[in-house]
Amino acid sequence: MKLTYFQGTPPNFGDELNATMWHHLLPADFFDEDTSTLFIGIGSVIQHNYPRDALKLVVGSGFGGYTRLPDMSDKMWDFRFVRGPRTAEALGLDPQLAITDAAVLLRATPLPVADDNIGVAFIPHYESIERGNWREACKLAGIHFIDPTEPTDRVISQLRGANLVITEAMHGAIVSDAVRTPWIGVKTMHHVHRFKWFDWVESLSIPYDPKPLFPSNGREAWAVSTGRSGSGPRAQALFNGPVGFPVNRICTHFAARSLEKLARMEPSLSSDTEIERATDRALGAVDLMLRDYGMRLRKA
């Protein structure tokens with residue numbers, strides 16, 4: 001069975017959780033490079049482009065709308081649970097399969113020690129690292145910057161140590177919620193990433209009103225205004241040169257003020273009852289999956 005997840009450049013900690021979390025829960029010999037069965041876990045990775053002759057074992061993934069819906073007529077899909085009700089509805093699955101994002105299972109694994117003196121933190125979407133200027137905006141606002149491209153343990157320890165997490169990254173919210181750190185979700189700079197947020201929050205009955213966040217530079221302002229990525233050659237040529245310098249500077253200062261304002265707002269957090277229920281249900285689904293495959297769940 002092959003562990004299958006999105007691997008980007010730079011890496012994104014939410015996706016990279018697959019490479020660490022599952023090894024705490026599943027038998028040591030569970031994964032190999034046998035592509036006849038694909039294990040599809042954390043991420044918006046329910047897609048149409050998997051090999052038709054491979055069994056797709058879905059454990060807590062979501063549909064993100066990044067590709068068209070998969071063709072499941074080949075009967076080569078084994079759904080154990082999915083991220084939320086919107087994924088279940090889109091795929092025509094039993095609503096009972098909409099437990100929550102698989103990253104909730106971090107609660108059943110050993111966690112890194114919480115960092116001290118984090119205070120209020122901000123974690124952008126990993127695409128905003130290359131495009132935006134959030135490190136400088138956080139510095140101006142006196143807010144701790146969390147880089148989502150750093151190793152997973154480093155990111156988790158900062159999320160655990162924060163008093164409040166402002167997050168553009170969905171897994172910044174998911175992991176914060178799992179470790180019981182209050183969080184504030186902001187609208188992603190690119191609209192394509194928004195469907196999955198509602199999928200997840202609805203799985204835990206979290207009231208959700210994503211907050212606007214001022215772009216941190218001209219390229220992000222371009223992305224917001226045009227609906228494009230802001231990483232194309234035209235946007236880079238315009239805003240990476242002398243003409244773009246004053247725009248970038250003004251945006252960064254307004255972004256810092258925006259972060260300061262967000263830090264004073266009421267945060268979100270699922271109820272203890274909801275997160276414990278979802279954790280237990282997800283563990284039960286994984287345990288049943290392992291028993292069906294003749295294996296046993298590891299205990300933390």
# chains A, B, ... in the order shown; residues from 1 in each chain; ligands from 1
$ residues_around --residues "A:Thr152" --least-positions-apart "3" --cutoff "8 Å" --atoms "only C-alpha atoms" --output "list in words"
Phe13, Gly14, Glu16, Leu17, Thr20, Val155 and Ile156 of chain A
$ select_by_dssp --residues "stretch 88-222 of chain A" --states "strand (DSSP E)" --output "number ranges by chain"
A: 119-123, 144-145, 162-167, 183-185
$ write_last_selection --atoms "N, CA and C atoms" --output "JSON list (two decimals), in the first residue's frame"
[["chain", "number", "residue", "atom", "x", "y", "z"],
["A", 119, "GLY", "N", 2.54, 33.88, 22.16],
["A", 119, "GLY", "CA", 1.52, 34.93, 22.14],
["A", 119, "GLY", "C", 0.57, 34.74, 20.98],
["A", 120, "VAL", "N", 0.26, 35.82, 20.26],
["A", 120, "VAL", "CA", -0.58, 35.75, 19.08],
["A", 120, "VAL", "C", 0.30, 35.39, 17.88],
["A", 121, "ALA", "N", -0.17, 34.45, 17.07],
["A", 121, "ALA", "CA", 0.60, 34.00, 15.91],
["A", 121, "ALA", "C", -0.24, 34.08, 14.65],
["A", 122, "PHE", "N", 0.45, 34.19, 13.53],
["A", 122, "PHE", "CA", -0.20, 34.16, 12.22],
["A", 122, "PHE", "C", 0.49, 33.12, 11.35],
["A", 123, "ILE", "N", -0.32, 32.27, 10.69],
["A", 123, "ILE", "CA", 0.21, 31.30, 9.75],
["A", 123, "ILE", "C", -0.50, 31.47, 8.41],
["A", 144, "HIS", "N", 3.69, 36.87, 16.16],
["A", 144, "HIS", "CA", 4.61, 35.79, 15.84],
["A", 144, "HIS", "C", 4.26, 35.19, 14.48],
["A", 145, "PHE", "N", 5.24, 35.06, 13.61],
["A", 145, "PHE", "CA", 5.04, 34.49, 12.28],
["A", 145, "PHE", "C", 5.36, 33.00, 12.30],
["A", 162, "ALA", "N", 0.85, 28.96, 21.15],
["A", 162, "ALA", "CA", 0.22, 30.25, 20.92],
["A", 162, "ALA", "C", -1.01, 30.43, 21.82],
["A", 163, "ASN", "N", -1.30, 31.68, 22.16],
["A", 163, "ASN", "CA", -2.55, 32.00, 22.86],
["A", 163, "ASN", "C", -3.70, 32.14, 21.86],
["A", 164, "LEU", "N", -3.36, 32.53, 20.65],
["A", 164, "LEU", "CA", -4.33, 32.74, 19.57],
["A", 164, "LEU", "C", -3.60, 32.55, 18.25],
["A", 165, "VAL", "N", -4.24, 31.86, 17.31],
["A", 165, "VAL", "CA", -3.67, 31.68, 15.98],
["A", 165, "VAL", "C", -4.60, 32.32, 14.95],
["A", 166, "ILE", "N", -4.07, 33.28, 14.21],
["A", 166, "ILE", "CA", -4.75, 33.83, 13.05],
["A", 166, "ILE", "C", -4.24, 33.04, 11.85],
["A", 167, "THR", "N", -5.14, 32.49, 11.05],
["A", 167, "THR", "CA", -4.66, 31.56, 10.04],
["A", 167, "THR", "C", -5.36, 31.69, 8.70],
["A", 183, "TRP", "N", -8.53, 30.06, 17.49],
["A", 183, "TRP", "CA", -8.04, 30.49, 16.18],
["A", 183, "TRP", "C", -9.05, 31.41, 15.51],
["A", 184, "ILE", "N", -8.54, 32.19, 14.58],
["A", 184, "ILE", "CA", -9.36, 33.07, 13.75],
["A", 184, "ILE", "C", -9.02, 32.77, 12.29],
["A", 185, "GLY", "N", -10.00, 32.34, 11.53],
["A", 185, "GLY", "CA", -9.79, 32.04, 10.11],
["A", 185, "GLY", "C", -9.97, 33.28, 9.26]]
$ closest_residue --among "A:Gly218, A:Pro210, A:Gly41, A:Pro11" --to "A:Lys187" --atoms "only C-alpha atoms"
A:Pro210
$ select_by_dssp --residues "stretch 80-233 of chain A" --states "alpha helix (DSSP H)" --output "ChimeraX atom specification"
/A:85-91,127-131,134-141,152-161,170-178,195-203,218-226,233
$ residues_around --residues "stretch 252-265 of chain A" --least-positions-apart "4" --cutoff "7 Å" --atoms "only C-alpha atoms" --output "PyMOL selection string"
chain A and resi 133+137-138+140-141+213-217+248
$ residues_around --residues "A:Met170" --least-positions-apart "4" --cutoff "9 Å" --atoms "only C-alpha atoms" --output "PDB file with N, CA and C atoms, in the first residue's frame"
ATOM      1  N   GLY A  14       0.564  20.998   6.343  1.00  0.00           N
ATOM      2  CA  GLY A  14      -0.688  20.258   6.415  1.00  0.00           C
ATOM      3  C   GLY A  14      -0.627  18.957   5.649  1.00  0.00           C
ATOM      4  N   HIS A 125      -1.288  30.702   4.244  1.00  0.00           N
ATOM      5  CA  HIS A 125      -1.291  29.574   3.316  1.00  0.00           C
ATOM      6  C   HIS A 125       0.118  29.441   2.735  1.00  0.00           C
ATOM      7  N   ILE A 174      -7.150  23.642  11.668  1.00  0.00           N
ATOM      8  CA  ILE A 174      -7.478  22.266  12.055  1.00  0.00           C
ATOM      9  C   ILE A 174      -6.584  21.781  13.178  1.00  0.00           C
ATOM     10  N   VAL A 175      -5.277  22.028  13.050  1.00  0.00           N
ATOM     11  CA  VAL A 175      -4.352  21.576  14.097  1.00  0.00           C
ATOM     12  C   VAL A 175      -4.531  22.403  15.358  1.00  0.00           C
ATOM     13  N   GLY A 185     -10.000  32.338  11.528  1.00  0.00           N
ATOM     14  CA  GLY A 185      -9.787  32.038  10.114  1.00  0.00           C
ATOM     15  C   GLY A 185      -9.969  33.276   9.261  1.00  0.00           C
ATOM     16  N   THR A 188      -8.878  33.154   2.397  1.00  0.00           N
ATOM     17  CA  THR A 188      -7.676  32.888   1.624  1.00  0.00           C
ATOM     18  C   THR A 188      -7.572  33.900   0.483  1.00  0.00           C
ATOM     19  N   HIS A 193      -9.418  28.128  -2.674  1.00  0.00           N
ATOM     20  CA  HIS A 193      -9.151  27.390  -1.438  1.00  0.00           C
ATOM     21  C   HIS A 193     -10.292  27.468  -0.421  1.00  0.00           C
ATOM     22  N   LYS A 196     -13.129  24.142   0.887  1.00  0.00           N
ATOM     23  CA  LYS A 196     -12.704  23.131   1.853  1.00  0.00           C
ATOM     24  C   LYS A 196     -12.851  23.615   3.295  1.00  0.00           C
ATOM     25  N   TRP A 197     -12.727  24.919   3.530  1.00  0.00           N
ATOM     26  CA  TRP A 197     -12.904  25.443   4.879  1.00  0.00           C
ATOM     27  C   TRP A 197     -14.313  25.150   5.394  1.00  0.00           C
ATOM     28  N   TRP A 200     -14.860  21.532   6.321  1.00  0.00           N
ATOM     29  CA  TRP A 200     -14.308  21.125   7.622  1.00  0.00           C
ATOM     30  C   TRP A 200     -15.086  21.709   8.796  1.00  0.00           C
TER      31      TRP A 200
END
